[in-house]
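**Student:** What follows is protein21.cif; its format and atoms are mmCIF, C-alpha atoms and all ligand atoms.
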data_protein
#
loop_
_atom_site.label_atom_id
_atom_site.label_comp_id
_atom_site.auth_asym_id
_atom_site.auth_seq_id
_atom_site.Cartn_x
_atom_site.Cartn_y
_atom_site.Cartn_z
CA MET A 470 13.19 11.74 -3.80
CA ASN A 471 13.19 8.16 -5.06
CA LEU A 472 10.47 6.01 -3.49
CA LYS A 473 10.19 3.48 -6.31
CA GLY A 474 9.33 0.02 -5.03
CA ARG A 475 8.63 1.20 -1.48
CA ASP A 476 5.73 -0.07 0.66
CA LEU A 477 3.67 2.30 2.79
CA LEU A 478 2.85 0.31 5.91
CA THR A 479 3.40 3.03 8.53
CA LEU A 480 4.89 6.53 8.36
CA LEU A 481 7.53 5.35 10.85
CA ASP A 482 9.34 3.95 7.78
CA PHE A 483 9.52 7.35 6.05
CA ALA A 484 11.97 10.21 6.61
CA PRO A 485 10.53 13.72 7.12
CA GLU A 486 11.95 14.78 3.72
CA GLU A 487 10.18 11.85 2.06
CA ILE A 488 6.87 12.79 3.68
CA GLU A 489 7.34 16.41 2.63
CA GLY A 490 8.20 15.17 -0.87
CA LEU A 491 4.97 13.15 -1.02
CA LEU A 492 3.00 16.22 0.08
CA ASP A 493 4.70 18.33 -2.62
CA LEU A 494 3.86 15.71 -5.23
CA ALA A 495 0.25 15.52 -3.97
CA ALA A 496 -0.03 19.32 -4.22
CA SER A 497 1.26 19.30 -7.77
CA LEU A 498 -1.04 16.43 -8.81
CA LYS A 499 -3.96 18.25 -7.17
CA ASP A 500 -3.09 21.33 -9.20
CA LYS A 501 -3.01 19.30 -12.41
CA LYS A 502 -6.36 17.70 -11.60
CA LYS A 503 -7.98 21.08 -10.86
CA ASN A 504 -6.66 22.48 -14.14
CA GLY A 505 -7.74 19.51 -16.24
CA ILE A 506 -4.14 18.52 -17.05
CA LEU A 507 -3.98 14.76 -17.62
CA HIS A 508 -1.38 12.87 -15.61
CA ARG A 509 -1.73 9.28 -16.80
CA MET A 510 1.84 8.47 -15.79
CA HIS A 511 1.19 4.79 -14.97
CA GLU A 512 -0.93 3.88 -18.01
CA GLY A 513 -1.43 0.13 -18.33
CA LYS A 514 -0.60 -0.72 -14.71
CA ASN A 515 -3.04 -2.29 -12.25
CA ILE A 516 -3.68 -2.23 -8.52
CA ALA A 517 -5.54 -4.76 -6.31
CA LEU A 518 -7.61 -3.21 -3.51
CA ILE A 519 -8.26 -5.60 -0.62
CA PHE A 520 -10.84 -4.37 1.88
CA GLU A 521 -11.57 -6.69 4.81
CA LYS A 522 -13.34 -3.74 6.47
CA THR A 523 -15.77 -1.34 4.78
CA SER A 524 -14.76 2.04 3.37
CA THR A 525 -16.04 5.06 1.49
CA ARG A 526 -13.10 7.48 1.32
CA THR A 527 -10.15 5.11 1.11
CA ARG A 528 -11.69 2.90 -1.53
CA CYS A 529 -12.88 5.80 -3.68
CA ALA A 530 -9.59 7.65 -3.22
CA PHE A 531 -7.56 4.63 -4.39
CA GLU A 532 -9.89 3.98 -7.34
CA VAL A 533 -10.02 7.59 -8.58
CA ALA A 534 -6.31 8.12 -8.00
CA ALA A 535 -5.40 4.95 -9.90
CA HIS A 536 -7.77 5.76 -12.78
CA ASP A 537 -6.38 9.31 -13.03
CA LEU A 538 -2.92 7.75 -13.31
CA GLY A 539 -4.15 5.56 -16.19
CA MET A 540 -4.32 2.39 -14.09
CA GLY A 541 -6.86 -0.41 -13.75
CA THR A 542 -8.29 -1.43 -10.35
CA THR A 543 -9.81 -4.57 -8.85
CA TYR A 544 -11.83 -4.20 -5.65
CA LEU A 545 -11.88 -7.22 -3.35
CA GLY A 546 -14.45 -6.49 -0.65
CA PRO A 547 -14.91 -8.06 2.79
CA THR A 548 -16.48 -11.17 1.22
CA GLY A 549 -14.84 -10.89 -2.18
CA SER A 550 -11.76 -13.10 -1.98
CA GLN A 551 -10.49 -16.41 -0.66
CA MET A 552 -7.85 -14.73 1.53
CA GLY A 553 -7.73 -16.04 5.06
CA ILE A 554 -10.71 -18.35 4.43
CA LYS A 555 -9.56 -20.86 1.83
CA GLU A 556 -6.15 -19.43 1.03
CA THR A 557 -3.35 -18.17 3.21
CA ILE A 558 -2.28 -14.54 3.25
CA ALA A 559 1.13 -15.54 1.90
CA ASP A 560 -0.39 -17.41 -1.07
CA THR A 561 -2.80 -14.56 -1.85
CA ALA A 562 0.05 -12.05 -1.78
CA ARG A 563 2.13 -14.11 -4.20
CA VAL A 564 -0.83 -14.60 -6.57
CA LEU A 565 -1.73 -10.91 -6.61
CA SER A 566 1.83 -9.70 -6.94
CA GLY A 567 2.12 -11.79 -10.12
CA MET A 568 -0.82 -9.97 -11.70
CA TYR A 569 -0.77 -6.47 -10.24
CA ASP A 570 1.74 -3.63 -9.98
CA ALA A 571 0.62 -2.66 -6.46
CA ILE A 572 -1.60 -3.96 -3.65
CA GLU A 573 -3.63 -2.02 -1.09
CA TYR A 574 -4.85 -3.72 2.09
CA ARG A 575 -7.42 -2.53 4.67
CA GLY A 576 -8.25 -4.79 7.55
CA TYR A 577 -7.36 -5.90 11.03
CA GLY A 578 -3.88 -6.48 12.49
CA GLN A 579 -0.80 -4.70 11.15
CA GLU A 580 0.87 -8.12 10.94
CA ILE A 581 -1.45 -8.99 8.02
CA VAL A 582 -0.37 -6.08 5.83
CA GLU A 583 3.23 -6.79 6.83
CA GLU A 584 2.86 -10.40 5.73
CA ILE A 585 1.36 -9.32 2.39
CA ALA A 586 4.33 -6.99 1.90
CA ARG A 587 6.78 -9.75 2.82
CA TYR A 588 5.39 -12.14 0.23
CA SER A 589 4.77 -9.73 -2.64
CA ASP A 590 7.24 -8.20 -5.08
CA VAL A 591 5.21 -5.05 -5.67
CA PRO A 592 4.52 -2.02 -3.42
CA VAL A 593 1.95 -2.67 -0.69
CA TYR A 594 -0.05 0.17 0.88
CA ASN A 595 -1.79 0.13 4.25
CA GLY A 596 -5.35 1.39 3.75
CA LEU A 597 -6.01 1.14 7.54
CA THR A 598 -5.21 -1.47 10.14
CA ASN A 599 -6.08 -1.47 13.82
CA GLU A 600 -2.67 0.03 14.53
CA PHE A 601 -2.04 2.51 11.70
CA HIS A 602 -3.76 4.63 9.03
CA PRO A 603 -0.84 6.26 7.20
CA THR A 604 -2.64 7.43 4.04
CA GLN A 605 -5.14 9.31 6.21
CA VAL A 606 -2.31 11.15 7.97
CA LEU A 607 -0.76 12.22 4.65
CA ALA A 608 -4.11 13.81 3.74
CA ASP A 609 -4.30 15.46 7.16
CA LEU A 610 -0.79 16.88 6.85
CA LEU A 611 -1.53 18.24 3.37
CA THR A 612 -4.73 19.87 4.66
CA ILE A 613 -2.92 21.51 7.59
CA ARG A 614 -0.07 22.67 5.33
CA GLU A 615 -2.51 24.15 2.81
CA HIS A 616 -4.41 25.99 5.54
CA PHE A 617 -1.53 27.32 7.64
CA GLY A 618 1.23 27.34 5.02
CA ALA A 619 3.56 25.17 7.13
CA LEU A 620 3.66 22.15 9.42
CA LYS A 621 6.66 22.77 11.67
CA GLY A 622 5.67 24.12 15.06
CA MET A 623 1.93 23.60 14.56
CA HIS A 624 0.09 22.13 17.56
CA LEU A 625 -2.39 19.30 16.90
CA VAL A 626 -4.54 18.13 19.81
CA TYR A 627 -6.13 14.73 19.37
CA MET A 628 -9.23 14.28 21.55
CA GLY A 629 -10.72 10.94 22.55
CA ASP A 630 -9.58 7.39 21.82
CA ALA A 631 -5.88 7.97 21.17
CA ARG A 632 -4.84 4.34 21.52
CA PHE A 633 -6.15 3.17 18.12
CA ASN A 634 -5.04 3.70 14.49
CA MET A 635 -5.74 7.46 14.23
CA GLY A 636 -4.24 8.62 17.51
CA ARG A 637 -1.13 6.52 16.95
CA SER A 638 -0.66 7.52 13.32
CA LEU A 639 -1.20 11.23 13.90
CA MET A 640 1.36 11.12 16.71
CA ILE A 641 3.89 9.63 14.28
CA GLY A 642 3.05 12.12 11.51
CA CYS A 643 3.33 15.10 13.86
CA ALA A 644 6.61 13.85 15.36
CA LYS A 645 8.10 13.37 11.89
CA MET A 646 7.11 16.86 10.75
CA GLY A 647 8.35 18.74 13.82
CA MET A 648 4.86 19.44 15.13
CA HIS A 649 3.51 19.44 18.69
CA PHE A 650 1.14 16.50 19.23
CA THR A 651 -1.05 16.26 22.30
CA ALA A 652 -3.06 13.13 23.01
CA CYS A 653 -5.93 14.25 25.23
CA ALA A 654 -7.65 11.10 26.44
CA PRO A 655 -9.01 9.31 29.49
CA GLU A 656 -6.86 6.86 31.45
CA GLY A 657 -6.05 3.77 29.37
CA TYR A 658 -6.66 5.47 26.02
CA PHE A 659 -3.23 6.91 25.23
CA PRO A 660 -1.05 5.37 22.50
CA ASP A 661 1.10 2.58 23.92
CA LYS A 662 4.20 3.59 25.88
CA GLU A 663 6.68 2.13 23.41
CA LEU A 664 5.27 4.14 20.50
CA VAL A 665 5.12 7.28 22.65
CA GLU A 666 8.83 6.85 23.46
CA THR A 667 9.67 6.24 19.79
CA CYS A 668 7.78 9.38 18.77
CA LYS A 669 9.38 11.43 21.54
CA SER A 670 12.81 10.53 20.23
CA ILE A 671 11.77 11.34 16.64
CA ALA A 672 10.40 14.66 17.90
CA GLN A 673 13.73 15.44 19.56
CA GLU A 674 15.39 15.25 16.14
CA THR A 675 12.72 17.27 14.31
CA GLY A 676 11.96 19.94 16.91
CA GLY A 677 8.54 18.45 17.60
CA GLU A 678 6.94 17.68 20.94
CA ILE A 679 4.68 14.93 22.30
CA THR A 680 2.45 15.48 25.32
CA LEU A 681 -0.22 13.40 27.03
CA SER A 682 -3.06 15.00 28.96
CA HIS A 683 -6.36 14.18 30.61
CA ASP A 684 -7.46 17.83 30.57
CA PRO A 685 -9.46 18.95 27.47
CA TYR A 686 -9.66 22.67 28.31
CA ALA A 687 -5.97 23.04 29.14
CA SER A 688 -4.96 21.01 26.07
CA VAL A 689 -6.81 23.06 23.47
CA LYS A 690 -5.67 26.45 24.79
CA ASP A 691 -2.96 26.91 22.17
CA ALA A 692 -4.10 24.25 19.68
CA ASP A 693 -3.94 25.04 15.97
CA VAL A 694 -5.81 21.84 15.11
CA ILE A 695 -8.36 19.96 17.21
CA TYR A 696 -8.79 16.46 15.81
CA THR A 697 -11.09 13.66 16.82
CA ASP A 698 -12.27 10.25 15.59
CA ILE A 699 -15.16 7.92 16.42
CA TRP A 700 -15.11 6.40 19.92
CA VAL A 701 -15.70 2.78 18.82
CA SER A 702 -13.69 1.75 15.78
CA MET A 703 -14.35 -0.84 13.09
CA GLY A 704 -13.79 -4.35 14.38
CA GLU A 705 -14.60 -3.45 18.01
CA PRO A 706 -17.70 -5.01 19.63
CA GLN A 707 -20.88 -2.92 19.90
CA GLU A 708 -20.82 -3.62 23.66
CA ALA A 709 -17.83 -1.28 23.86
CA TRP A 710 -20.15 1.74 23.46
CA GLU A 711 -21.37 1.85 27.06
CA GLU A 712 -17.95 2.10 28.68
CA ARG A 713 -16.65 4.30 25.87
CA ILE A 714 -19.50 6.85 26.09
CA ASN A 715 -18.98 7.30 29.80
CA LEU A 716 -15.22 7.69 29.47
CA MET A 717 -15.17 9.81 26.31
CA LYS A 718 -18.03 12.24 27.00
CA PRO A 719 -15.74 14.87 28.58
CA TYR A 720 -13.60 14.72 25.41
CA GLN A 721 -16.43 15.51 23.00
CA VAL A 722 -15.49 18.36 20.64
CA ASN A 723 -18.30 20.89 21.12
CA ALA A 724 -18.72 24.65 20.92
CA ASP A 725 -17.76 25.07 24.58
CA LEU A 726 -14.44 23.29 24.03
CA MET A 727 -13.77 25.21 20.80
CA SER A 728 -14.36 28.48 22.69
CA HIS A 729 -11.34 27.62 24.88
CA ALA A 730 -9.11 27.40 21.79
CA LYS A 731 -7.95 30.21 19.47
CA ASP A 732 -10.15 31.94 16.87
CA THR A 733 -7.84 30.49 14.24
CA THR A 734 -8.06 26.88 15.49
CA ILE A 735 -9.41 24.44 12.93
CA PHE A 736 -11.37 21.22 13.45
CA MET A 737 -10.46 17.98 11.68
CA HIS A 738 -11.84 14.42 11.64
CA CYS A 739 -10.86 11.48 9.46
CA LEU A 740 -14.57 10.60 8.99
CA PRO A 741 -16.99 8.86 9.12
CA SER A 742 -18.38 10.84 12.04
CA TYR A 743 -21.32 10.56 14.42
CA HIS A 744 -21.95 14.33 14.56
CA ASN A 745 -25.73 13.85 14.65
CA ASP A 746 -28.32 11.07 14.95
CA GLN A 747 -28.93 10.73 11.20
CA THR A 748 -27.16 7.38 10.73
CA ASP A 749 -28.29 3.93 11.88
CA ILE A 750 -25.56 3.49 14.49
CA GLY A 751 -25.51 7.18 15.44
CA ALA A 752 -29.27 7.15 16.02
CA ALA A 753 -29.21 3.95 18.08
CA VAL A 754 -26.31 5.05 20.29
CA CYS A 755 -27.62 8.61 20.73
CA LYS A 756 -31.04 7.27 21.72
CA THR A 757 -29.64 4.77 24.22
CA TYR A 758 -27.42 7.33 25.95
CA GLY A 759 -29.63 10.42 25.58
CA MET A 760 -27.19 12.32 23.36
CA THR A 761 -27.66 14.26 20.10
CA ALA A 762 -24.11 13.72 18.82
CA LEU A 763 -21.10 11.68 19.90
CA GLU A 764 -17.42 12.59 19.38
CA VAL A 765 -18.21 16.01 17.84
CA THR A 766 -21.37 18.10 17.84
CA ASP A 767 -23.12 19.05 14.63
CA GLU A 768 -22.44 22.72 15.43
CA VAL A 769 -18.66 22.24 15.34
CA PHE A 770 -18.74 19.78 12.46
CA GLU A 771 -20.70 22.25 10.29
CA SER A 772 -18.81 25.35 11.49
CA LYS A 773 -16.42 27.51 9.46
CA GLN A 774 -13.55 26.11 11.52
CA SER A 775 -14.26 22.59 10.25
CA LEU A 776 -12.05 21.43 7.36
CA VAL A 777 -13.36 17.88 7.22
CA PHE A 778 -14.42 17.87 3.58
CA GLU A 779 -11.20 19.49 2.32
CA GLU A 780 -9.43 16.80 4.34
CA ALA A 781 -11.55 14.04 2.75
CA GLU A 782 -10.79 15.30 -0.76
CA ASN A 783 -7.10 15.33 0.05
CA ARG A 784 -7.25 11.58 0.65
CA MET A 785 -7.39 11.17 -3.13
CA HIS A 786 -4.58 13.60 -3.97
CA THR A 787 -2.21 12.15 -1.36
CA ILE A 788 -2.98 8.51 -2.20
CA LYS A 789 -2.33 9.40 -5.84
CA ALA A 790 1.06 10.79 -4.84
CA VAL A 791 1.91 7.58 -2.98
CA ILE A 792 1.01 5.41 -5.99
CA ALA A 793 2.72 7.75 -8.46
CA ALA A 794 5.94 7.88 -6.42
CA THR A 795 6.27 4.20 -5.58
CA LEU A 796 5.55 2.67 -9.03
N1 LIG B 801 -11.21 8.08 6.74
C1 LIG B 801 -11.42 6.88 6.17
O1 LIG B 801 -10.53 6.03 6.11
O2 LIG B 801 -12.68 6.71 5.68
P1 LIG B 801 -13.25 5.35 5.08
O3 LIG B 801 -13.42 4.39 6.21
O4 LIG B 801 -14.56 5.74 4.46
O5 LIG B 801 -12.28 4.82 4.07
N1 LIG B 802 -10.59 4.62 14.04
C1 LIG B 802 -11.49 4.47 12.92
C2 LIG B 802 -10.92 5.17 11.72
C3 LIG B 802 -11.83 5.16 10.52
C4 LIG B 802 -11.23 5.85 9.34
C5 LIG B 802 -11.69 2.99 12.65
O1 LIG B 802 -10.72 2.24 12.66
O2 LIG B 802 -12.83 2.58 12.44
#
Hey, can you dump this file as structure tokens for me?
**Tutor:**
Amino acid sequence: MNLKGRDLLTLLDFAPEEIEGLLDLAASLKDKKKNGILHRMHEGKNIALIFEKTSTRTRCAFEVAAHDLGMGTTYLGPTGSQMGIKETIADTARVLSGMYDAIEYRGYGQEIVEEIARYSDVPVYNGLTNEFHPTQVLADLLTIREHFGALKGMHLVYMGDARFNMGRSLMIGCAKMGMHFTACAPEGYFPDKELVETCKSIAQETGGEITLSHDPYASVKDADVIYTDIWVSMGEPQEAWEERINLMKPYQVNADLMSHAKDTTIFMHCLPSYHNDQTDIGAAVCKTYGMTALEVTDEVFESKQSLVFEEAENRMHTIKAVIAATL
């Protein structure tokens, strides 16, 4: 596998063998890390981390991964650069690509990260846009592969808002790896038709399957993985909560829903999660709508079936593999 110089903007651009190769590399780097074996294979290189939206996991994963590889990092937070305010995206990309060996971008439209990639000579990584979150899906695939030993034929059911970055990206990842992906969502919250068609044709090649359903109980019956994400994503207005709560409530992952799945079914979530009312937004929304949790209940989140923290750790190992392979 030679991925030198490649961008990671969406997993649509990667062949199944390349994704598998990145997961193998992530597994071997994880092994090295656990055994205290240094792997400073990109000593002296540097990466710029642009975050127009906030982050815990993605930022920390990129920083730790880069440092483990011997690299330097510069974090440019939501108010930390001139980009888009006093300087165009194209100019920023050309400036940064003269100083850094790689650039990560988290923010709004996919067209922004594409423009950065177009104007820079170094690999550009998508750390989340409205449309895609490819590094998250690599971590999810590694977590599923570690747990079940394989990806092909596994059935992942995505519950809730499937039209945004996570639903779309998981559909692509599952299609590429020959998995069965079900988007279980209310009307208007499926991934867009064009992407569904694209993923269906990828799935035809890989032996995967894509289904859309409005029925939570029927969908989870033979699920290996039940996955959900927050109902109102970064960048969406707070006013969206009212409509979203009403529409998404039947898709909440709770103990009743889990009891309709298999004993071996696992629960996953990209995080952050409103699984209780212990956060500012979680508390305010729960209070307004008389709920104790939103997209997933505390009981499921804290259960043995929940792999959310293994999944979060794998963000770092998989992001490290992406950097290591593309530099
Ligand atoms: N899952 C994820 O991307 O988390 P952060 O928003 O904390 O980076
Ligand atoms: N859909 C969420 C994912 C967070 C990792 C968001 O965009 O806010």
**Student:** At a cut-off of 9 Å, using all atoms listed in the file, what residues contact segment 629-637 of chain A? Leave out same-chain residues fewer than 3 positions from it and give the result as number ranges by chain.
**Tutor:** A: 597-603, 605-606, 640-642, 652-655, 657-661, 664-665, 696-702, 713, 716-721, 739, 764
**Student:** Skip Asp746 of chain A itself and residues of its chain fewer than 3 positions away, then list as an NGL selection string all residues within 10 Å of it, counting all atoms listed in the file.
**Tutor:** :A and (743 or 749-756 or 760-763 or 767)
**Student:** Keeping only C-alpha atoms, write the selected residues as a short mmCIF file (atom, residue, chain, number, x, y, z; two decimals), in the coordinates of the input.
**Tutor:**
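So the final result, stored in part01.cif, reads:
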data_model
loop_
_atom_site.label_atom_id
_atom_site.label_comp_id
_atom_site.auth_asym_id
_atom_site.auth_seq_id
_atom_site.Cartn_x
_atom_site.Cartn_y
_atom_site.Cartn_z
CA TYR A 743 -21.32 10.56 14.42
CA ASP A 749 -28.29 3.93 11.88
CA ILE A 750 -25.56 3.49 14.49
CA GLY A 751 -25.51 7.18 15.44
CA ALA A 752 -29.27 7.15 16.02
CA ALA A 753 -29.21 3.95 18.08
CA VAL A 754 -26.31 5.05 20.29
CA CYS A 755 -27.62 8.61 20.73
CA LYS A 756 -31.04 7.27 21.72
CA MET A 760 -27.19 12.32 23.36
CA THR A 761 -27.66 14.26 20.10
CA ALA A 762 -24.11 13.72 18.82
CA LEU A 763 -21.10 11.68 19.90
CA ASP A 767 -23.12 19.05 14.63
#
**Student:** Could you tell me which of A:Thr604, A:Gln551, A:Ser589, A:Thr667 comes closest to ligand LIG 802 (chain B) if we count only C-alpha atoms and all ligand atoms?
**Tutor:**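 Checking each of A:Thr604, A:Gln551, A:Ser589, A:Thr667 against ligand LIG 802 (chain B), counting only C-alpha atoms and all ligand atoms, the winner is A:Thr604.
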**Student:** Write out as a Markdown table the residues of chain A that have any atom within 6 Å of an atom of ligand LIG 801 (chain B), one row each with the nearest atom pair and its distance in Å to one decimal, counting all atoms listed in the file, sorted by chain and then rising number.
**Tutor:**
| residue | atom | partner | partner_atom | distance |
| --- | --- | --- | --- | --- |
| A:Ser524 | CA | B:LIG801 | O5 | 3.8 |
| A:Thr525 | CA | B:LIG801 | O4 | 3.4 |
| A:Arg526 | CA | B:LIG801 | O4 | 3.9 |
| A:Thr527 | CA | B:LIG801 | O5 | 3.7 |
| A:Arg528 | CA | B:LIG801 | O5 | 5.9 |
| A:Cys739 | CA | B:LIG801 | N1 | 4.4 |
| A:Leu740 | CA | B:LIG801 | N1 | 4.8 |
| A:Pro741 | CA | B:LIG801 | O2 | 5.9 |
**Student:** Which is closer to ligand LIG 802 (chain B) than all the others in A:Thr523, A:Asn471, A:Thr757, A:Asn723, using all atoms listed in the file?
**Tutor:**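 Ranked by minimum distance to ligand LIG 802 (chain B), first place goes to A:Thr523.
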**Student:** Dig up all the protein and nucleic acid residues within 8 Å of (-7.2, 22.5, 23.4) in the file frame, using all atoms listed in the file, and format them as a PyMOL selection string.
**Tutor:** chain A and resi 626+685-692+695+726-727+729-730
**Student:** Atom CA of His508 of chain A to atom CA of Asp537 of chain A: how many Å, to one decimal?
**Tutor:**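 Rounded to one decimal, the two atoms are 6.7 Å apart.
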